[in-house]
$ cat work.pdb   # PDB, C-alpha atoms
ATOM      1  CA  MET A   7      11.485  14.499 -19.000
ATOM      2  CA  ARG A   8      10.923  17.298 -21.510
ATOM      3  CA  GLN A   9       7.653  15.654 -22.488
ATOM      4  CA  THR A  10       6.550  15.866 -18.847
ATOM      5  CA  ALA A  11       6.826  19.646 -18.771
ATOM      6  CA  THR A  12       4.921  20.025 -22.030
ATOM      7  CA  LEU A  13       2.068  17.773 -20.962
ATOM      8  CA  THR A  14       1.777  19.331 -17.511
ATOM      9  CA  ARG A  15       1.857  22.876 -18.843
ATOM     10  CA  THR A  16      -0.858  22.081 -21.391
ATOM     11  CA  THR A  17      -3.020  20.417 -18.758
ATOM     12  CA  THR A  18      -2.616  23.329 -16.338
ATOM     13  CA  LEU A  19      -3.640  25.880 -18.963
ATOM     14  CA  ALA A  20      -6.677  23.821 -19.859
ATOM     15  CA  LEU A  21      -7.655  23.567 -16.215
ATOM     16  CA  LEU A  22      -7.477  27.336 -15.830
ATOM     17  CA  VAL A  23      -9.777  27.763 -18.802
ATOM     18  CA  PHE A  24     -12.334  25.148 -17.808
ATOM     19  CA  ALA A  25     -12.136  24.806 -14.034
ATOM     20  CA  GLY A  26     -11.019  28.114 -12.631
ATOM     21  CA  ALA A  27      -9.221  27.832  -9.324
ATOM     22  CA  CYS A  28     -10.328  24.247  -8.625
ATOM     23  CA  GLY A  29      -7.151  18.393  -7.757
ATOM     24  CA  PRO A  30      -7.629   0.333 -10.701
ATOM     25  CA  ASP A  31     -10.710   2.947  -9.020
ATOM     26  CA  SER A  32     -14.160   3.028 -10.505
ATOM     27  CA  ALA A  33     -17.546   4.658 -10.106
ATOM     28  CA  PRO A  34     -21.006   3.115 -10.279
ATOM     29  CA  GLU A  35     -21.797   2.633 -13.944
ATOM     30  CA  THR A  36     -25.359   3.858 -13.413
ATOM     31  CA  ALA A  37     -24.406   7.163 -11.791
ATOM     32  CA  PRO A  38     -25.069  10.157 -14.070
ATOM     33  CA  GLU A  39     -22.483  12.834 -14.762
ATOM     34  CA  ALA A  40     -22.904  16.310 -13.283
ATOM     35  CA  PRO A  41     -22.156  18.651 -16.233
ATOM     36  CA  GLY A  42     -23.886  21.567 -14.540
ATOM     37  CA  GLN A  43     -20.867  21.917 -12.253
ATOM     38  CA  ASP A  44     -17.309  22.915 -13.023
ATOM     39  CA  PRO A  45     -15.413  19.955 -14.487
ATOM     40  CA  GLN A  46     -13.027  18.070 -12.268
ATOM     41  CA  ALA A  47     -10.390  18.338 -15.000
ATOM     42  CA  VAL A  48     -10.021  18.415 -18.750
ATOM     43  CA  SER A  49      -8.349  15.951 -21.048
ATOM     44  CA  LEU A  50      -5.100  16.870 -22.761
ATOM     45  CA  PHE A  51      -7.288  17.832 -25.729
ATOM     46  CA  GLY A  52      -9.498  20.232 -23.772
ATOM     47  CA  GLU A  53     -12.453  17.914 -23.177
ATOM     48  CA  PRO A  54     -14.132  18.761 -19.831
ATOM     49  CA  LEU A  55     -14.236  15.779 -17.475
ATOM     50  CA  PHE A  56     -17.082  15.753 -14.969
ATOM     51  CA  GLU A  57     -17.709  14.023 -11.673
ATOM     52  CA  GLN A  58     -20.659  11.711 -11.174
ATOM     53  CA  VAL A  59     -23.675  12.349  -9.009
ATOM     54  CA  ASP A  60     -23.974  10.710  -5.614
ATOM     55  CA  THR A  61     -27.663   9.869  -5.707
ATOM     56  CA  GLY A  62     -27.541   7.699  -2.573
ATOM     57  CA  GLY A  63     -26.171  10.175  -0.050
ATOM     58  CA  VAL A  64     -22.978   8.175   0.457
ATOM     59  CA  ILE A  65     -20.700  11.217   0.655
ATOM     60  CA  ALA A  66     -23.076  13.054   2.987
ATOM     61  CA  ALA A  67     -22.959  10.083   5.345
ATOM     62  CA  VAL A  68     -19.158   9.880   5.459
ATOM     63  CA  ASP A  69     -18.920  13.664   5.844
ATOM     64  CA  ALA A  70     -21.295  13.493   8.810
ATOM     65  CA  LEU A  71     -18.943  11.038  10.492
ATOM     66  CA  LEU A  72     -16.007  13.324   9.749
ATOM     67  CA  ALA A  73     -17.829  16.310  11.244
ATOM     68  CA  GLU A  74     -17.974  14.435  14.560
ATOM     69  CA  ALA A  75     -14.151  14.182  14.650
ATOM     70  CA  PRO A  76     -12.651  16.565  12.052
ATOM     71  CA  ASP A  77      -9.059  15.906  13.195
ATOM     72  CA  ASP A  78      -9.342  12.124  12.992
ATOM     73  CA  VAL A  79      -6.915  11.155  10.214
ATOM     74  CA  GLU A  80      -8.730   7.883   9.535
ATOM     75  CA  ARG A  81     -12.017   9.705   8.963
ATOM     76  CA  VAL A  82     -10.365  12.362   6.787
ATOM     77  CA  ILE A  83      -8.824   9.681   4.582
ATOM     78  CA  ALA A  84     -12.088   7.740   4.479
ATOM     79  CA  ALA A  85     -13.958  10.836   3.325
ATOM     80  CA  GLY A  86     -11.398  11.306   0.541
ATOM     81  CA  ARG A  87     -11.512   7.664  -0.472
ATOM     82  CA  GLU A  88     -15.289   7.657  -0.742
ATOM     83  CA  ARG A  89     -15.146  10.459  -3.283
ATOM     84  CA  ARG A  90     -13.180   8.290  -5.714
ATOM     85  CA  ASN A  91     -16.366   6.352  -6.457
ATOM     86  CA  PHE A  92     -17.943   9.525  -7.818
ATOM     87  CA  TRP A  93     -14.837  10.970  -9.489
ATOM     88  CA  GLN A  94     -14.781  13.920  -7.074
ATOM     89  CA  TYR A  95     -11.010  14.067  -7.144
ATOM     90  CA  ARG A  96     -10.446  17.735  -6.376
ATOM     91  CA  GLN A  97     -12.484  17.434  -3.209
ATOM     92  CA  ALA A  98     -10.545  14.272  -2.353
ATOM     93  CA  ILE A  99      -7.238  16.075  -2.869
ATOM     94  CA  GLU A 100      -8.271  18.752  -0.369
ATOM     95  CA  LEU A 101      -8.993  16.056   2.194
ATOM     96  CA  TYR A 102      -5.702  14.245   1.597
ATOM     97  CA  THR A 103      -3.832  17.525   1.953
ATOM     98  CA  ARG A 104      -5.575  17.989   5.286
ATOM     99  CA  ALA A 105      -4.554  14.461   6.311
ATOM    100  CA  MET A 106      -0.926  15.273   5.456
ATOM    101  CA  GLN A 107      -1.052  18.263   7.766
ATOM    102  CA  LEU A 108      -2.482  16.141  10.566
ATOM    103  CA  ALA A 109      -0.063  13.224  10.071
ATOM    104  CA  PRO A 110       2.964  14.262   7.964
ATOM    105  CA  GLY A 111       4.686  10.908   8.445
ATOM    106  CA  ASP A 112       1.755   8.857   7.152
ATOM    107  CA  TRP A 113       2.389   7.445   3.673
ATOM    108  CA  ARG A 114      -1.280   6.981   2.783
ATOM    109  CA  PRO A 115      -2.344  10.581   2.023
ATOM    110  CA  TYR A 116       0.623  10.956  -0.326
ATOM    111  CA  ARG A 117      -0.207   7.719  -2.123
ATOM    112  CA  TYR A 118      -3.896   8.611  -2.488
ATOM    113  CA  ARG A 119      -3.320  12.239  -3.463
ATOM    114  CA  GLY A 120      -0.674  11.224  -5.976
ATOM    115  CA  HIS A 121      -3.125   8.802  -7.572
ATOM    116  CA  ARG A 122      -5.757  11.503  -7.792
ATOM    117  CA  TYR A 123      -3.320  13.894  -9.473
ATOM    118  CA  LEU A 124      -2.807  11.247 -12.145
ATOM    119  CA  SER A 125      -6.592  11.071 -12.631
ATOM    120  CA  LEU A 126      -6.570  14.842 -13.178
ATOM    121  CA  ARG A 127      -3.714  14.616 -15.725
ATOM    122  CA  GLU A 128      -1.336  16.488 -13.373
ATOM    123  CA  PHE A 129       1.492  14.006 -13.761
ATOM    124  CA  ASP A 130       4.392  15.936 -12.242
ATOM    125  CA  ARG A 131       2.440  16.445  -9.023
ATOM    126  CA  GLY A 132       1.588  12.769  -9.046
ATOM    127  CA  VAL A 133       5.256  11.804  -9.299
ATOM    128  CA  THR A 134       6.167  14.148  -6.432
ATOM    129  CA  ASP A 135       3.480  12.811  -4.091
ATOM    130  CA  LEU A 136       4.087   9.170  -4.912
ATOM    131  CA  GLN A 137       7.829   9.569  -4.424
ATOM    132  CA  ALA A 138       7.035  11.052  -0.999
ATOM    133  CA  ALA A 139       4.843   8.027  -0.311
ATOM    134  CA  LYS A 140       7.704   5.723  -1.352
ATOM    135  CA  ASP A 141      10.063   7.550   1.009
ATOM    136  CA  ARG A 142       7.642   6.698   3.830
ATOM    137  CA  ALA A 143       6.657   3.185   2.683
ATOM    138  CA  PRO A 144       9.256   1.743   0.278
ATOM    139  CA  LEU A 145       7.889  -1.800   0.615
ATOM    140  CA  ASN A 146       4.292  -0.951  -0.343
ATOM    141  CA  PHE A 147       2.953  -2.539  -3.537
ATOM    142  CA  ASP A 148       0.372   0.146  -4.311
ATOM    143  CA  VAL A 149       2.853   2.981  -3.836
ATOM    144  CA  SER A 150       5.271   1.323  -6.248
ATOM    145  CA  TYR A 151       2.539   0.455  -8.751
ATOM    146  CA  HIS A 152       1.250   4.012  -8.920
ATOM    147  CA  LEU A 153       4.699   5.623  -8.859
ATOM    148  CA  GLY A 154       5.672   3.486 -11.834
ATOM    149  CA  LEU A 155       2.503   4.572 -13.594
ATOM    150  CA  ALA A 156       3.233   8.226 -12.821
ATOM    151  CA  HIS A 157       6.671   7.917 -14.435
ATOM    152  CA  PHE A 158       5.147   6.094 -17.410
ATOM    153  CA  LEU A 159       2.531   8.781 -18.016
ATOM    154  CA  SER A 160       5.234  11.442 -17.693
ATOM    155  CA  GLY A 161       7.189   9.763 -20.484
ATOM    156  CA  ASP A 162      10.040   8.541 -18.266
ATOM    157  CA  PHE A 163       9.680   4.907 -19.274
ATOM    158  CA  SER A 164      13.021   3.828 -17.877
ATOM    159  CA  ALA A 165      12.228   5.227 -14.415
ATOM    160  CA  ALA A 166       8.863   3.465 -14.578
ATOM    161  CA  ALA A 167      10.536   0.166 -15.450
ATOM    162  CA  ASP A 168      13.089   0.553 -12.662
ATOM    163  CA  GLU A 169      10.354   1.148 -10.087
ATOM    164  CA  TYR A 170       8.308  -1.862 -11.170
ATOM    165  CA  LEU A 171      11.402  -4.086 -11.226
ATOM    166  CA  ARG A 172      12.381  -2.870  -7.758
ATOM    167  CA  CYS A 173       9.058  -3.977  -6.300
ATOM    168  CA  LEU A 174       9.069  -7.247  -8.237
ATOM    169  CA  ALA A 175      12.513  -8.005  -6.803
ATOM    170  CA  LEU A 176      11.036  -7.775  -3.283
ATOM    171  CA  ALA A 177       8.756 -10.771  -3.849
ATOM    172  CA  ASP A 178      10.723 -12.958  -1.450
ATOM    173  CA  ASP A 179      12.315 -10.227   0.650
ATOM    174  CA  PRO A 180      11.996 -10.993   4.389
ATOM    175  CA  ALA A 181      11.349  -7.350   5.309
ATOM    176  CA  ALA A 182       8.653  -7.049   2.646
ATOM    177  CA  LYS A 183       6.998 -10.224   3.906
ATOM    178  CA  ALA A 184       7.132  -8.978   7.483
ATOM    179  CA  ALA A 185       5.563  -5.667   6.456
ATOM    180  CA  ALA A 186       2.536  -7.301   4.829
ATOM    181  CA  GLY A 187      -0.713  -6.885   6.699
ATOM    182  CA  GLU A 188      -4.412  -6.264   6.357
ATOM    183  CA  ASP A 189      -3.840  -2.532   5.866
ATOM    184  CA  PHE A 190      -0.489  -2.783   4.080
ATOM    185  CA  ARG A 191      -0.233  -4.403   0.667
ATOM    186  CA  SER A 192       3.444  -5.314   0.449
ATOM    187  CA  CYS A 193       5.632  -5.887  -2.608
ATOM    188  CA  SER A 194       5.857  -9.458  -1.287
ATOM    189  CA  GLU A 195       2.475  -9.954  -2.977
ATOM    190  CA  ASN A 196       4.442 -10.367  -6.200
ATOM    191  CA  GLY A 197       5.572 -13.696  -4.789
ATOM    192  CA  ASP A 198       2.428 -14.617  -2.862
ATOM    193  CA  ARG A 199      -0.359 -13.631  -5.255
ATOM    194  CA  PRO A 200      -0.212 -14.281  -9.023
ATOM    195  CA  GLU A 201      -2.972 -11.682  -9.536
ATOM    196  CA  SER A 202      -0.697  -8.945  -8.172
ATOM    197  CA  MET A 203       2.395 -10.279  -9.923
ATOM    198  CA  VAL A 204       0.887 -10.264 -13.411
ATOM    199  CA  ALA A 205      -0.425  -6.687 -13.032
ATOM    200  CA  MET A 206       2.954  -5.288 -12.019
ATOM    201  CA  THR A 207       4.857  -7.497 -14.467
ATOM    202  CA  GLU A 208       2.733  -6.375 -17.390
ATOM    203  CA  TRP A 209       3.305  -2.692 -16.631
ATOM    204  CA  ALA A 210       7.010  -3.443 -16.200
ATOM    205  CA  VAL A 211       7.079  -5.068 -19.648
ATOM    206  CA  ARG A 212       5.238  -2.099 -21.164
ATOM    207  CA  ALA A 213       7.758   0.303 -19.624
ATOM    208  CA  LEU A 214      10.784  -1.776 -20.633
ATOM    209  CA  LEU A 215       9.559  -2.053 -24.212
ATOM    210  CA  ARG A 216       8.899   1.676 -24.476
ATOM    211  CA  ALA A 217      12.314   2.405 -22.928
ATOM    212  CA  GLY A 218      13.979   0.281 -25.614
ATOM    213  CA  ARG A 219      15.139  -2.262 -23.019
ATOM    214  CA  THR A 220      13.889  -5.195 -25.080
ATOM    215  CA  ALA A 221      16.310  -7.805 -23.721
ATOM    216  CA  GLU A 222      15.155  -7.094 -20.162
ATOM    217  CA  ALA A 223      11.517  -7.237 -21.262
ATOM    218  CA  ASN A 224      12.076 -10.634 -22.877
ATOM    219  CA  GLU A 225      13.876 -11.927 -19.795
ATOM    220  CA  LEU A 226      10.978 -10.842 -17.595
ATOM    221  CA  LEU A 227       8.447 -12.367 -19.986
ATOM    222  CA  ALA A 228      10.319 -15.672 -19.907
ATOM    223  CA  SER A 229       9.682 -15.840 -16.146
ATOM    224  CA  VAL A 230       5.889 -15.684 -16.559
ATOM    225  CA  PRO A 231       4.269 -19.135 -16.218
ATOM    226  CA  LEU A 232       1.929 -20.331 -18.955
ATOM    227  CA  ASP A 233      -0.538 -22.107 -16.677
ATOM    228  CA  LEU A 234      -1.752 -19.376 -14.323
ATOM    229  CA  THR A 235      -5.431 -19.166 -13.429
ATOM    230  CA  MET A 236      -6.648 -15.585 -13.123
ATOM    231  CA  GLU A 237      -9.895 -14.350 -11.630
ATOM    232  CA  THR A 238      -9.388 -10.568 -11.657
ATOM    233  CA  ASN A 239      -6.358  -9.669 -13.759
ATOM    234  CA  ILE A 240      -7.086 -11.789 -16.816
ATOM    235  CA  ALA A 241      -6.445  -8.802 -19.083
ATOM    236  CA  TYR A 242      -2.932  -8.267 -17.737
ATOM    237  CA  TYR A 243      -2.147 -11.978 -18.051
ATOM    238  CA  HIS A 244      -3.415 -12.141 -21.612
ATOM    239  CA  ASN A 245      -1.406  -9.029 -22.431
ATOM    240  CA  LEU A 246       1.672 -10.860 -21.175
ATOM    241  CA  LEU A 247       0.814 -13.824 -23.385
ATOM    242  CA  PHE A 248       0.457 -11.368 -26.275
ATOM    243  CA  HIS A 249       3.904  -9.924 -25.557
ATOM    244  CA  LYS A 250       5.257 -13.495 -25.452
ATOM    245  CA  GLY A 251       3.793 -14.091 -28.920
ATOM    246  CA  LEU A 252       1.249 -16.643 -27.702
ATOM    247  CA  MET A 253      -1.868 -14.549 -28.396
ATOM    248  CA  SER A 254      -2.596 -12.187 -31.269
ATOM    249  CA  ALA A 255      -3.931  -8.651 -31.272
ATOM    250  CA  ALA A 256      -7.113  -9.981 -32.880
ATOM    251  CA  ASP A 257      -7.494 -12.548 -30.075
ATOM    252  CA  LEU A 258      -7.529  -9.750 -27.523
ATOM    253  CA  LEU A 259      -9.280  -6.908 -29.326
ATOM    254  CA  GLU A 260     -12.089  -8.952 -30.872
ATOM    255  CA  GLY A 261     -13.277 -10.717 -27.764
ATOM    256  CA  GLY A 262     -16.816  -9.416 -28.175
ATOM    257  CA  PRO A 263     -19.301  -8.556 -25.414
ATOM    258  CA  ASP A 264     -18.458 -11.713 -23.454
ATOM    259  CA  ALA A 265     -14.761 -10.869 -23.126
ATOM    260  CA  PRO A 266     -13.652 -11.171 -19.461
ATOM    261  CA  TYR A 267     -12.039  -7.718 -19.359
ATOM    262  CA  ARG A 268     -12.501  -4.083 -20.238
ATOM    263  CA  LEU A 269     -11.041  -2.842 -23.507
ATOM    264  CA  GLU A 270      -9.067  -0.082 -21.793
ATOM    265  CA  THR A 271      -6.731  -2.565 -20.092
ATOM    266  CA  ILE A 272      -6.348  -5.163 -22.806
ATOM    267  CA  GLY A 273      -6.258  -2.542 -25.566
ATOM    268  CA  PHE A 274      -3.503  -0.427 -24.088
ATOM    269  CA  GLY A 275      -1.303  -3.486 -23.651
ATOM    270  CA  VAL A 276      -1.765  -4.318 -27.322
ATOM    271  CA  ALA A 277      -1.182  -0.722 -28.396
ATOM    272  CA  THR A 278       2.008  -0.590 -26.321
ATOM    273  CA  GLY A 279       3.351  -3.625 -28.125
ATOM    274  CA  MET A 280       2.542  -2.008 -31.466
ATOM    275  CA  LEU A 281       4.208   1.266 -30.477
ATOM    276  CA  ALA A 282       7.307  -0.550 -29.238
ATOM    277  CA  ALA A 283       7.490  -2.332 -32.595
ATOM    278  CA  GLY A 284       7.269   1.016 -34.400
ATOM    279  CA  ASP A 285       3.812   0.308 -35.837
ATOM    280  CA  THR A 286       2.168   3.632 -34.990
ATOM    281  CA  ALA A 287      -0.387   3.229 -37.772
ATOM    282  CA  ALA A 288      -1.765   0.062 -36.159
ATOM    283  CA  ALA A 289      -1.647   1.492 -32.631
ATOM    284  CA  ARG A 290      -3.454   4.747 -33.409
ATOM    285  CA  PRO A 291      -6.976   3.374 -34.027
ATOM    286  CA  VAL A 292      -6.723   1.260 -30.867
ATOM    287  CA  LEU A 293      -5.707   4.316 -28.864
ATOM    288  CA  GLU A 294      -8.480   6.383 -30.451
ATOM    289  CA  GLN A 295     -11.016   3.791 -29.341
ATOM    290  CA  LEU A 296      -9.638   3.889 -25.809
ATOM    291  CA  TYR A 297      -9.762   7.677 -25.738
ATOM    292  CA  ALA A 298     -13.450   7.543 -26.713
ATOM    293  CA  ASP A 299     -14.226   5.592 -23.515
ATOM    294  CA  PRO A 300     -16.324   7.825 -21.196
ATOM    295  CA  TRP A 301     -14.657   6.122 -18.197
ATOM    296  CA  TRP A 302     -12.133   8.948 -18.072
ATOM    297  CA  PRO A 303     -10.327   8.028 -14.796
ATOM    298  CA  GLY A 304      -9.241   4.627 -16.182
ATOM    299  CA  PHE A 305      -5.492   4.127 -16.499
ATOM    300  CA  GLY A 306      -5.846   2.752 -20.030
ATOM    301  CA  ARG A 307      -7.922   5.749 -21.081
ATOM    302  CA  ILE A 308      -5.426   8.213 -19.572
ATOM    303  CA  ALA A 309      -2.419   6.431 -21.061
ATOM    304  CA  ALA A 310      -4.052   6.303 -24.503
ATOM    305  CA  GLU A 311      -4.797  10.005 -24.258
ATOM    306  CA  VAL A 312      -1.147  10.725 -23.469
ATOM    307  CA  GLU A 313       0.130   8.584 -26.349
ATOM    308  CA  LEU A 314      -2.195  10.264 -28.836
ATOM    309  CA  TYR A 315      -1.104  13.663 -27.571
ATOM    310  CA  ARG A 316       2.545  12.748 -28.054
ATOM    311  CA  MET A 317       1.767  11.641 -31.616
ATOM    312  CA  GLY A 318       0.335  15.047 -32.417
ATOM    313  CA  TRP A 319      -3.123  13.518 -32.943
ATOM    314  CA  ARG A 320      -6.083  15.796 -32.310
ATOM    315  CA  PRO A 321      -9.823  14.960 -32.109
ATOM    316  CA  ARG A 322     -11.764  15.780 -35.251
TER     317      ARG A 322
END
$ encode --input "work.pdb" --output "structure tokens"
Amino acid sequence: MRQTATLTRTTTLALLVFAGACGPDSAPETAPEAPGQDPQAVSLFGEPLFEQVDTGGVIAAVDALLAEAPDDVERVIAAGRERRNFWQYRQAIELYTRAMQLAPGDWRPYRYRGHRYLSLREFDRGVTDLQAAKDRAPLNFDVSYHLGLAHFLSGDFSAAADEYLRCLALADDPAAKAAAGEDFRSCSENGDRPESMVAMTEWAVRALLRAGRTAEANELLASVPLDLTMETNIAYYHNLLFHKGLMSAADLLEGGPDAPYRLETIGFGVATGMLAAGDTAAARPVLEQLYADPWWPGFGRIAAEVELYRMGWRPR
């Protein structure tokens, strides 16, 4: 965990310089950035990271609803969630903090605020919030998924692997199945939905490989079927096939403009395999390409940034 302290300290100092006292989501690709404002955060290399402009009045509309019932936890959370689409994460964090005060036993504000801390490169805070969410909702898929990611970004690969494996093991758990509902995505989805299973399995394999737990990674890979049909998580599935030796790095990285996935997801899976094999020279240009992606809240972009930072790489 020594790496965690170094990364967090560096990020905090950068935030003080760039932002003063200011905390798989996406934003509309056509929305412009708002560089006239203080940045939401900075990268580990000091690059200011800006929110996007809400040109359609979406946030004003949700805030108007909140003003009608400012102590309604559902409306507070909704106002925070809407801000994710415009990368307004510090404003969202304030709202989730307010929701925690209104409903301290509710797992959702901790899960959402923890996720937003990861977006802002404040990994220790993300771990703390997501662990609090797990304490309140240990059977929740999204809590486990993001807590594992928080450990991974902090450099605690073994803790990340353990968390992913814990949730995967609940695929057929009766309590997890009973907990599943429209507003509660349970770890039982790992048994019910291949799309969910491959996403969590691929991050588990990444974590196991980086933790040096190769035998466990291979055992998990052996359980992945070869005939799955994916609609959403094709990148994660193809990454698993790559880790199984059934697809090459070139197959995944040279898909061209018609590839059915974003480079940030497929590329980080490939780079992880290279890093686990000790081939830093091959991984570095892939990570550099991911870091150049302007989609700065993406998990692949953040993870690539962290790996480059650990390598001692610095932008030219």
$ closest_residue --input "work.pdb" --among "A:Ser164, A:Gln94, A:Ser229, A:Ser202" --to "Leu247 of chain A" --atoms "all atoms listed in the file"
A:Ser229
$ residues_around --input "work.pdb" --residues "Pro266 of chain A" --least-positions-apart "4" --cutoff "12 Å" --atoms "only C-alpha atoms" --output "PDB file with C-alpha atoms, in the coordinates of the input"
ATOM      1  CA  MET A 236      -6.648 -15.585 -13.123  1.00  0.00           C
ATOM      2  CA  GLU A 237      -9.895 -14.350 -11.630  1.00  0.00           C
ATOM      3  CA  THR A 238      -9.388 -10.568 -11.657  1.00  0.00           C
ATOM      4  CA  ASN A 239      -6.358  -9.669 -13.759  1.00  0.00           C
ATOM      5  CA  ILE A 240      -7.086 -11.789 -16.816  1.00  0.00           C
ATOM      6  CA  ALA A 241      -6.445  -8.802 -19.083  1.00  0.00           C
ATOM      7  CA  TYR A 242      -2.932  -8.267 -17.737  1.00  0.00           C
ATOM      8  CA  TYR A 243      -2.147 -11.978 -18.051  1.00  0.00           C
ATOM      9  CA  HIS A 244      -3.415 -12.141 -21.612  1.00  0.00           C
ATOM     10  CA  LEU A 258      -7.529  -9.750 -27.523  1.00  0.00           C
ATOM     11  CA  LEU A 259      -9.280  -6.908 -29.326  1.00  0.00           C
ATOM     12  CA  GLU A 260     -12.089  -8.952 -30.872  1.00  0.00           C
ATOM     13  CA  GLY A 261     -13.277 -10.717 -27.764  1.00  0.00           C
ATOM     14  CA  GLY A 262     -16.816  -9.416 -28.175  1.00  0.00           C
ATOM     15  CA  THR A 271      -6.731  -2.565 -20.092  1.00  0.00           C
ATOM     16  CA  ILE A 272      -6.348  -5.163 -22.806  1.00  0.00           C
TER      17      ILE A 272
END
$ closest_residue --input "work.pdb" --among "A:Leu124, A:Met106, A:Leu226, A:Ala184" --to "Ala138 of chain A" --atoms "only C-alpha atoms"
A:Met106
$ residues_around --input "work.pdb" --residues "Gly187 of chain A" --least-positions-apart "5" --cutoff "12 Å" --atoms "all atoms listed in the file" --output "ChimeraX atom specification"
/A:145-147,182,192-195
$ atom_distance --input "work.pdb" --atom1 "atom CA of Ala310 of chain A" --atom2 "atom CA of Leu296 of chain A"
6.2 Å
$ resolve_selection --input "work.pdb" --expression "the PyMOL selection byres ((chain A and resi 49) around 9)" --output "PyMOL selection string"
chain A and resi 17+20+47-48+50-55+126-127+302+308+311
$ resolve_selection --input "work.pdb" --expression "the PyMOL selection byres ((chain A and resi 156-162) around 10)" --output "PyMOL selection string"
chain A and resi 7-14+120-121+123-124+127-137+150-155+163-169+209-210+212-213+216-217+305+308-313+316
$ atom_distance --input "work.pdb" --atom1 "atom CA of Glu88 of chain A" --atom2 "atom CA of Pro144 of chain A"
25.3 Å
$ resolve_selection --input "work.pdb" --expression "the PyMOL selection byres ((chain A and resi 117) around 6)" --output "PyMOL selection string"
chain A and resi 114-116+118-120+136+139+149
$ decode --input "work.pdb" --residues "segment 304-320 of chain A" --atoms "N, CA and C atoms" --output "PDB file, in the first residue's frame"
ATOM      1  N   GLY A 304     -12.635   7.556 -18.032  1.00  0.00           N
ATOM      2  CA  GLY A 304     -12.678   6.137 -18.347  1.00  0.00           C
ATOM      3  C   GLY A 304     -11.739   5.314 -17.476  1.00  0.00           C
ATOM      4  N   PHE A 305     -12.191   4.140 -17.048  1.00  0.00           N
ATOM      5  CA  PHE A 305     -11.364   3.307 -16.186  1.00  0.00           C
ATOM      6  C   PHE A 305     -10.048   2.935 -16.857  1.00  0.00           C
ATOM      7  N   GLY A 306     -10.100   2.616 -18.156  1.00  0.00           N
ATOM      8  CA  GLY A 306      -8.867   2.256 -18.860  1.00  0.00           C
ATOM      9  C   GLY A 306      -7.892   3.414 -18.914  1.00  0.00           C
ATOM     10  N   ARG A 307      -8.406   4.618 -19.126  1.00  0.00           N
ATOM     11  CA  ARG A 307      -7.556   5.804 -19.151  1.00  0.00           C
ATOM     12  C   ARG A 307      -6.928   6.032 -17.777  1.00  0.00           C
ATOM     13  N   ILE A 308      -7.723   5.930 -16.712  1.00  0.00           N
ATOM     14  CA  ILE A 308      -7.199   6.157 -15.366  1.00  0.00           C
ATOM     15  C   ILE A 308      -6.156   5.101 -15.014  1.00  0.00           C
ATOM     16  N   ALA A 309      -6.473   3.839 -15.310  1.00  0.00           N
ATOM     17  CA  ALA A 309      -5.550   2.756 -14.976  1.00  0.00           C
ATOM     18  C   ALA A 309      -4.243   2.882 -15.754  1.00  0.00           C
ATOM     19  N   ALA A 310      -4.319   3.288 -17.018  1.00  0.00           N
ATOM     20  CA  ALA A 310      -3.105   3.487 -17.807  1.00  0.00           C
ATOM     21  C   ALA A 310      -2.257   4.611 -17.217  1.00  0.00           C
ATOM     22  N   GLU A 311      -2.927   5.660 -16.812  1.00  0.00           N
ATOM     23  CA  GLU A 311      -2.249   6.794 -16.179  1.00  0.00           C
ATOM     24  C   GLU A 311      -1.483   6.339 -14.935  1.00  0.00           C
ATOM     25  N   VAL A 312      -2.137   5.522 -14.118  1.00  0.00           N
ATOM     26  CA  VAL A 312      -1.506   5.027 -12.895  1.00  0.00           C
ATOM     27  C   VAL A 312      -0.297   4.158 -13.226  1.00  0.00           C
ATOM     28  N   GLU A 313      -0.440   3.274 -14.203  1.00  0.00           N
ATOM     29  CA  GLU A 313       0.677   2.382 -14.554  1.00  0.00           C
ATOM     30  C   GLU A 313       1.874   3.176 -15.076  1.00  0.00           C
ATOM     31  N   LEU A 314       1.612   4.166 -15.907  1.00  0.00           N
ATOM     32  CA  LEU A 314       2.701   4.996 -16.419  1.00  0.00           C
ATOM     33  C   LEU A 314       3.382   5.753 -15.288  1.00  0.00           C
ATOM     34  N   TYR A 315       2.589   6.237 -14.351  1.00  0.00           N
ATOM     35  CA  TYR A 315       3.149   6.952 -13.206  1.00  0.00           C
ATOM     36  C   TYR A 315       4.057   6.039 -12.400  1.00  0.00           C
ATOM     37  N   ARG A 316       3.610   4.809 -12.178  1.00  0.00           N
ATOM     38  CA  ARG A 316       4.429   3.860 -11.421  1.00  0.00           C
ATOM     39  C   ARG A 316       5.740   3.537 -12.134  1.00  0.00           C
ATOM     40  N   MET A 317       5.706   3.576 -13.462  1.00  0.00           N
ATOM     41  CA  MET A 317       6.911   3.286 -14.256  1.00  0.00           C
ATOM     42  C   MET A 317       7.932   4.417 -14.173  1.00  0.00           C
ATOM     43  N   GLY A 318       7.494   5.590 -13.732  1.00  0.00           N
ATOM     44  CA  GLY A 318       8.356   6.744 -13.760  1.00  0.00           C
ATOM     45  C   GLY A 318       8.295   7.495 -15.081  1.00  0.00           C
ATOM     46  N   TRP A 319       7.345   7.100 -15.949  1.00  0.00           N
ATOM     47  CA  TRP A 319       7.157   7.791 -17.229  1.00  0.00           C
ATOM     48  C   TRP A 319       6.597   9.174 -16.998  1.00  0.00           C
ATOM     49  N   ARG A 320       6.993  10.131 -17.810  1.00  0.00           N
ATOM     50  CA  ARG A 320       6.450  11.480 -17.722  1.00  0.00           C
ATOM     51  C   ARG A 320       6.167  11.984 -19.143  1.00  0.00           C
TER      52      ARG A 320
END
